[in-house]
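Just protein_17.cif here, mmCIF, C-alpha atoms:
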data_start
#
loop_
_atom_site.label_atom_id
_atom_site.label_comp_id
_atom_site.auth_asym_id
_atom_site.auth_seq_id
_atom_site.Cartn_x
_atom_site.Cartn_y
_atom_site.Cartn_z
CA MET B 2 -115.40 -277.43 175.21
CA THR B 3 -113.19 -277.42 172.15
CA PRO B 4 -110.79 -280.28 171.27
CA VAL B 5 -107.86 -278.07 172.32
CA GLU B 6 -109.47 -277.39 175.70
CA LEU B 7 -110.27 -281.07 176.12
CA SER B 8 -106.66 -281.96 175.34
CA ARG B 9 -105.55 -279.60 178.10
CA THR B 10 -108.09 -281.19 180.44
CA VAL B 11 -106.61 -284.63 179.76
CA LEU B 12 -103.07 -283.34 180.37
CA CYS B 13 -104.23 -281.71 183.61
CA ALA B 14 -105.61 -285.08 184.72
CA VAL B 15 -102.26 -286.73 183.97
CA ARG B 16 -100.45 -284.01 185.89
CA ARG B 17 -102.75 -284.45 188.89
CA ALA B 18 -102.18 -288.21 188.86
CA VAL B 19 -98.41 -287.66 188.77
CA ASP B 20 -98.55 -285.09 191.59
CA ALA B 21 -100.63 -287.49 193.70
CA GLY B 22 -98.10 -290.29 193.16
CA GLU B 23 -100.57 -292.50 191.28
CA LEU B 24 -98.44 -292.41 188.14
CA SER B 25 -94.70 -292.08 187.80
CA VAL B 26 -94.26 -290.69 184.30
CA ALA B 27 -93.22 -287.53 182.52
CA VAL B 28 -96.27 -285.49 181.58
CA PRO B 29 -96.44 -285.51 177.77
CA ALA B 30 -96.37 -282.26 175.83
CA ARG B 31 -99.73 -282.98 174.22
CA ALA B 32 -102.63 -285.39 174.40
CA VAL B 33 -104.39 -286.28 171.17
CA VAL B 34 -108.19 -286.22 171.27
CA ALA B 35 -110.27 -287.15 168.24
CA PRO B 36 -113.71 -288.53 167.37
CA PRO B 37 -113.93 -292.14 168.58
CA GLY B 38 -113.18 -294.90 166.12
CA PRO B 39 -115.03 -298.18 165.59
CA GLY B 40 -116.08 -299.66 168.92
CA GLY B 41 -115.76 -296.32 170.67
CA CYS B 42 -118.44 -294.07 172.12
CA GLY B 43 -118.99 -290.53 173.30
CA ASP B 44 -117.89 -287.30 171.63
CA TYR B 45 -114.12 -287.73 171.76
CA ALA B 46 -111.55 -290.39 172.57
CA THR B 47 -107.92 -290.26 173.64
CA ASN B 48 -105.19 -292.89 173.67
CA VAL B 49 -103.18 -291.15 176.39
CA ALA B 50 -103.44 -294.21 178.68
CA LEU B 51 -101.85 -296.41 176.02
CA GLN B 52 -99.20 -293.73 175.48
CA LEU B 53 -98.27 -293.70 179.19
CA ALA B 54 -98.59 -297.42 179.92
CA ARG B 55 -95.03 -298.47 179.06
CA PRO B 56 -93.21 -295.60 180.85
CA ALA B 57 -95.55 -296.10 183.84
CA GLY B 58 -94.89 -299.85 183.88
CA ARG B 59 -98.62 -300.60 184.11
CA PRO B 60 -101.30 -302.04 181.81
CA PRO B 61 -103.06 -299.41 179.70
CA ARG B 62 -106.45 -300.12 181.27
CA HIS B 63 -104.97 -299.60 184.74
CA VAL B 64 -103.65 -296.19 183.65
CA ALA B 65 -107.04 -295.42 182.13
CA GLU B 66 -108.78 -296.31 185.41
CA ILE B 67 -106.52 -293.84 187.24
CA LEU B 68 -107.24 -291.03 184.78
CA ARG B 69 -110.94 -291.69 184.33
CA PRO B 70 -112.25 -290.05 187.57
CA LEU B 71 -109.87 -287.12 187.18
CA ILE B 72 -111.18 -286.34 183.70
CA THR B 73 -114.80 -286.92 184.77
CA GLU B 74 -114.45 -284.22 187.44
CA ALA B 75 -113.54 -281.59 184.84
CA GLU B 76 -116.07 -278.92 184.00
CA GLY B 77 -117.86 -279.67 180.76
CA VAL B 78 -117.38 -283.45 180.93
CA ALA B 79 -120.50 -285.58 181.47
CA ARG B 80 -118.92 -289.04 181.63
CA VAL B 81 -115.84 -291.03 180.65
CA GLU B 82 -115.85 -294.68 179.57
CA ILE B 83 -112.99 -297.07 178.89
CA THR B 84 -113.09 -299.18 175.75
CA GLY B 85 -110.74 -301.60 174.05
CA PRO B 86 -107.23 -301.90 175.45
CA GLY B 87 -107.51 -298.59 177.31
CA PHE B 88 -109.05 -295.84 175.21
CA LEU B 89 -110.76 -293.12 177.23
CA ASN B 90 -114.04 -292.16 175.58
CA ILE B 91 -115.30 -288.76 176.72
CA THR B 92 -118.88 -287.48 176.50
CA LEU B 93 -119.34 -283.74 176.94
CA ASP B 94 -122.22 -282.27 178.90
CA GLY B 95 -123.93 -280.39 176.08
CA GLY B 96 -122.31 -277.06 176.86
CA ALA B 97 -121.62 -276.68 173.13
CA GLU B 98 -125.22 -275.55 172.64
CA ALA B 99 -124.79 -272.80 175.22
CA LEU B 100 -121.50 -271.83 173.55
CA VAL B 101 -123.19 -271.51 170.15
CA ARG B 102 -125.98 -269.41 171.66
CA ASP B 103 -123.41 -267.15 173.32
CA ILE B 104 -121.48 -266.74 170.04
CA LEU B 105 -124.67 -265.85 168.18
CA ARG B 106 -125.71 -263.42 170.91
CA ARG B 107 -122.40 -261.57 171.02
CA GLY B 108 -121.62 -261.72 167.31
CA SER B 109 -118.39 -259.96 166.39
CA ARG B 110 -117.83 -259.07 170.06
CA TYR B 111 -117.48 -262.74 171.07
CA GLY B 112 -114.19 -263.24 172.91
CA TYR B 113 -114.07 -259.62 174.06
CA ALA B 114 -114.50 -258.54 177.66
CA GLU B 115 -117.98 -257.30 178.52
CA GLU B 116 -116.54 -254.09 179.97
CA PRO B 117 -113.15 -252.53 180.75
CA SER B 118 -111.27 -254.34 183.48
CA GLY B 119 -109.71 -251.14 184.81
CA ARG B 120 -106.23 -252.60 184.49
CA ILE B 121 -103.53 -250.42 182.95
CA VAL B 122 -100.73 -252.23 181.16
CA GLN B 123 -97.51 -250.48 180.19
CA LEU B 124 -95.65 -252.31 177.41
CA HIS B 125 -91.95 -251.61 176.92
CA TYR B 126 -90.05 -253.04 173.96
CA PRO B 127 -86.85 -252.25 172.05
CA CYS B 128 -86.97 -250.59 168.66
CA GLU B 129 -86.63 -253.80 166.70
CA VAL B 130 -89.09 -255.21 164.20
CA ARG B 131 -89.86 -258.47 166.00
CA ALA B 132 -90.35 -256.77 169.35
CA ALA B 133 -92.63 -254.16 167.79
CA VAL B 134 -94.80 -256.73 166.03
CA SER B 135 -95.01 -258.78 169.23
CA GLY B 136 -96.01 -255.64 171.08
CA GLN B 137 -98.80 -254.94 168.59
CA VAL B 138 -100.22 -258.42 168.98
CA LEU B 139 -99.99 -258.42 172.77
CA ALA B 140 -101.55 -254.97 172.98
CA GLY B 141 -104.45 -256.11 170.81
CA LEU B 142 -105.07 -259.18 172.95
CA LEU B 143 -104.97 -257.16 176.15
CA ARG B 144 -107.45 -254.65 174.77
CA THR B 145 -109.95 -257.38 173.90
CA GLN B 146 -109.91 -258.37 177.57
CA GLY B 147 -110.64 -254.85 178.76
CA ALA B 148 -107.14 -253.64 179.57
CA LEU B 149 -106.03 -250.08 178.90
CA VAL B 150 -102.67 -250.24 177.14
CA ARG B 151 -99.77 -247.81 176.98
CA THR B 152 -96.67 -248.60 174.94
CA SER B 153 -93.18 -247.23 174.70
CA CYS B 154 -90.54 -247.94 172.08
CA GLU B 155 -86.93 -247.03 172.63
CA ALA B 156 -86.75 -245.26 169.24
CA GLU B 157 -88.71 -244.66 166.08
CA LEU B 158 -89.54 -247.67 163.92
CA ASP B 159 -90.45 -247.95 160.26
CA PRO B 160 -94.19 -247.12 160.12
CA ALA B 161 -94.72 -250.04 157.75
CA TRP B 162 -94.24 -252.32 160.75
CA ALA B 163 -95.07 -250.22 163.78
CA GLU B 164 -98.77 -249.45 163.73
CA PRO B 165 -99.87 -246.92 166.35
CA LEU B 166 -100.11 -248.73 169.66
CA ALA B 167 -100.61 -245.89 172.12
CA VAL B 168 -104.17 -245.39 173.34
CA THR B 169 -105.81 -242.89 175.65
CA VAL B 170 -105.43 -244.21 179.16
CA GLU B 171 -108.01 -243.34 181.78
CA ALA B 172 -107.08 -242.94 185.42
CA HIS B 173 -107.93 -246.50 186.39
CA GLY B 174 -105.66 -249.12 187.80
CA ARG B 175 -105.88 -252.45 189.50
CA PRO B 176 -108.26 -252.61 192.47
CA GLY B 177 -106.96 -250.31 195.18
CA THR B 178 -104.14 -248.86 193.10
CA HIS B 179 -103.47 -246.75 190.02
CA ALA B 180 -100.10 -248.36 189.31
CA PRO B 181 -99.91 -249.91 185.84
CA LEU B 182 -98.71 -253.43 185.20
CA GLU B 183 -95.25 -253.14 183.64
CA VAL B 184 -94.45 -255.61 180.83
CA ASN B 185 -91.04 -255.73 179.12
CA LEU B 186 -90.92 -257.50 175.75
CA ARG B 187 -87.47 -258.76 174.78
CA PRO B 188 -87.83 -261.47 172.11
CA VAL B 189 -84.75 -262.68 170.27
CA PRO B 190 -84.31 -260.15 167.42
CA ALA B 191 -84.69 -261.10 163.78
CA ALA B 192 -81.29 -261.63 162.17
CA GLU B 193 -82.50 -260.44 158.76
CA ASP B 194 -84.89 -257.90 157.30
CA PRO B 195 -88.29 -259.66 156.90
CA THR B 196 -89.63 -257.09 154.40
CA PRO B 197 -88.95 -259.25 151.27
CA LEU B 198 -91.42 -261.84 152.57
CA GLY B 199 -94.31 -259.38 152.46
CA ARG B 200 -96.29 -258.13 155.43
CA ASP B 201 -98.32 -261.25 156.27
CA ALA B 202 -95.57 -263.84 155.79
CA ALA B 203 -93.10 -261.64 157.64
CA ARG B 204 -95.41 -261.34 160.63
CA TRP B 205 -95.87 -265.10 160.63
CA ALA B 206 -92.11 -265.66 160.52
CA LEU B 207 -91.61 -263.27 163.44
CA LEU B 208 -94.44 -264.52 165.65
CA HIS B 209 -94.58 -268.26 164.99
CA PRO B 210 -91.37 -269.24 166.87
CA ALA B 211 -91.20 -268.99 170.64
CA PRO B 212 -89.85 -265.60 171.82
CA HIS B 213 -86.59 -267.20 172.96
CA ASP B 214 -86.02 -268.84 169.54
CA ARG B 215 -84.45 -267.01 166.61
CA PRO B 216 -86.97 -266.56 163.77
CA ARG B 217 -86.24 -267.97 160.33
CA ILE B 218 -86.50 -265.30 157.64
CA THR B 219 -86.45 -267.47 154.53
CA ALA B 220 -88.45 -267.90 151.35
CA ASP B 221 -89.67 -271.28 152.68
CA HIS B 222 -92.59 -269.38 154.19
CA LEU B 223 -93.83 -268.58 150.68
CA VAL B 224 -93.74 -272.14 149.31
CA GLN B 225 -97.18 -273.60 148.58
CA ARG B 226 -96.93 -277.05 150.09
CA GLU B 227 -98.59 -278.92 152.93
CA THR B 228 -95.50 -278.94 155.13
CA ASN B 229 -95.59 -275.14 155.27
CA PRO B 230 -97.92 -274.21 158.17
CA LEU B 231 -98.46 -270.70 156.82
CA PHE B 232 -99.64 -272.14 153.51
CA ARG B 233 -102.13 -274.37 155.36
CA VAL B 234 -103.55 -271.34 157.17
CA ARG B 235 -103.78 -269.34 153.95
CA TYR B 236 -105.35 -272.26 152.10
CA ALA B 237 -107.95 -272.79 154.84
CA HIS B 238 -108.78 -269.06 154.76
CA ALA B 239 -109.09 -269.05 150.97
CA ARG B 240 -111.33 -272.14 151.01
CA SER B 241 -113.61 -270.75 153.70
CA ARG B 242 -113.90 -267.44 151.85
CA SER B 243 -114.69 -269.30 148.65
CA LEU B 244 -117.44 -271.28 150.39
CA THR B 245 -119.05 -268.17 151.86
CA CYS B 246 -118.86 -266.32 148.55
CA ASN B 247 -120.39 -269.23 146.65
CA ALA B 248 -123.09 -269.56 149.32
CA ALA B 249 -123.88 -265.85 149.00
CA ASP B 250 -124.24 -266.27 145.23
CA LEU B 251 -126.83 -269.00 145.94
CA GLY B 252 -128.69 -266.82 148.42
CA PHE B 253 -127.32 -268.30 151.65
CA ASP B 254 -125.66 -266.49 154.52
CA GLY B 255 -124.35 -267.29 157.98
CA ALA B 256 -127.47 -266.24 159.87
CA PRO B 257 -129.36 -269.16 161.48
CA GLY B 258 -132.94 -269.71 160.40
CA ASP B 259 -135.78 -272.20 160.50
CA VAL B 260 -135.25 -275.46 158.65
CA HIS B 261 -138.16 -276.56 156.48
CA PRO B 262 -137.84 -280.09 155.05
CA GLY B 263 -137.98 -280.12 151.28
CA PRO B 264 -139.43 -282.82 149.02
CA PHE B 265 -136.13 -284.70 149.02
CA ASN B 266 -136.40 -285.12 152.80
CA HIS B 267 -139.76 -286.87 152.52
CA SER B 268 -138.56 -289.21 149.82
CA ALA B 269 -135.51 -290.12 151.91
CA ALA B 270 -137.48 -290.63 155.12
CA PRO B 271 -138.19 -294.37 154.62
CA LEU B 272 -134.47 -295.00 154.24
CA LEU B 273 -133.83 -293.35 157.62
CA THR B 274 -136.54 -295.20 159.50
CA PRO B 275 -135.21 -298.07 161.69
#
Translate this structure into structure tokens?
Amino acid sequence: MTPVELSRTVLCAVRRAVDAGELSVAVPARAVVAPPGPGGCGDYATNVALQLARPAGRPPRHVAEILRPLITEAEGVARVEITGPGFLNITLDGGAEALVRDILRRGSRYGYAEEPSGRIVQLHYPCEVRAAVSGQVLAGLLRTQGALVRTSCEAELDPAWAEPLAVTVEAHGRPGTHAPLEVNLRPVPAAEDPTPLGRDAARWALLHPAPHDRPRITADHLVQRETNPLFRVRYAHARSRSLTCNAADLGFDGAPGDVHPGPFNHSAAPLLTP
């Protein structure tokens, strides 16, 4: 279970408590999970009980006691403990090892469906740059999950933005039917031409906002500073590529192998002995 998935699990527990009438609060938009601090335990900890205590009108530990069994029931969670004023400390059940083995087994096909689902999806979108880019992304995601995708644009679009989306569709449909699933994409159009930003930054500017929000087509996306989320993504990519290139120069790669302790391990052993 990833931190993002665990955060969703915590929010689901809050929602269940609210639905059951055990808590009378607004479900927060997000729940922060992070490695436990001093005095904590387990794999992750969350302060959601402290966050909800005041609006719930209850002590944080009382809120934590309500949420504890609901989080413990979640798949992938081994146990939950309460520490300090009401921190929920979560220990996972070791499924990470199975996840790593599955990733290594499937390699570049990890995240893809094992076989076609037989579902046909028909995407319709207007001939507008944001809709076309959104259609490309959605079509790609659907294909990874085994769907057979057809697309239709209301007119021709600049080929610099509209990559070929149409694929050969076999005569398969949902169980018991050959009718495709119809999807109409109608995001708020871009008010300006995103071409001056360059292909990558323009795609980010078009896809990052919610579909019902108007995208910002400004040079701010090109500024190299921490407050620019696109810069953070590009910087992380550049750093990871640099690490892998430097590792390759030293003779290392990403393939797992046996670990043989070197001389430095033996000399350090006494320092690690309780």
Shell around range 73-86 of chain B at 12 Å using all atoms listed in the file, local window under 5 positions removed, as JSON, numbers by chain: {"B": [2, 3, 4, 6, 7, 8, 9, 10, 11, 12, 13, 14, 17, 37, 38, 39, 40, 41, 42, 43, 44, 45, 46, 47, 48, 49, 50, 51, 52, 54, 60, 61, 62, 63, 64, 65, 66, 67, 68, 91, 92, 93, 94, 95, 96, 97, 98, 99, 100]}
Result set, the PyMOL selection byres ((chain B and resi 229-232) around 12) on current file, as a PyMOL selection string: chain B and resi 201-206+208-210+219-228+233-240
Non-local contacts of Glu129 in chain B (8 Å; only C-alpha atoms; under 2 positions in same chain excluded) as a list in words: Pro127, Arg131, Ala132, Ala133, Leu158 and Pro190 of chain B
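The interatomic distance for the pair CA of Glu116 in chain B and CA of Ala148 in chain B works out to 9.4 Å.
Atom to atom, CA of Ala32 in chain B and CA of Arg59 in chain B stand 18.5 Å apart.
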Protein and nucleic acid residues near (-94.7, -257.4, 177.5) (cut-off 9 Å, only C-alpha atoms) as an MDAnalysis selection string: chainID B and resid 122:126 135:136 139:140 183:187
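Interatomic distance, CA of Ile104 in chain B to CA of Asp254 in chain B: 16.1 Å.
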Residue nearest Asn90 in chain B among B:Val34, B:Val26, B:Val138, B:Ile121 (counting only C-alpha atoms): B:Val34
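Comparing B:Val19, B:Cys246, B:Val150, B:Leu142 by their smallest distance to Leu182 in chain B, the closest is B:Val150 (using all atoms listed in the file).
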Among listed residues B:Leu71, B:Tyr113, B:Gly58, B:Ser153, nearest Ala21 in chain B (using all atoms listed in the file): B:Leu71
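Proximity ranking of B:Val130, B:Ala30, B:Leu251, B:Gln146 relative to Asp194 in chain B places B:Val130 first, based on all atoms listed in the file.
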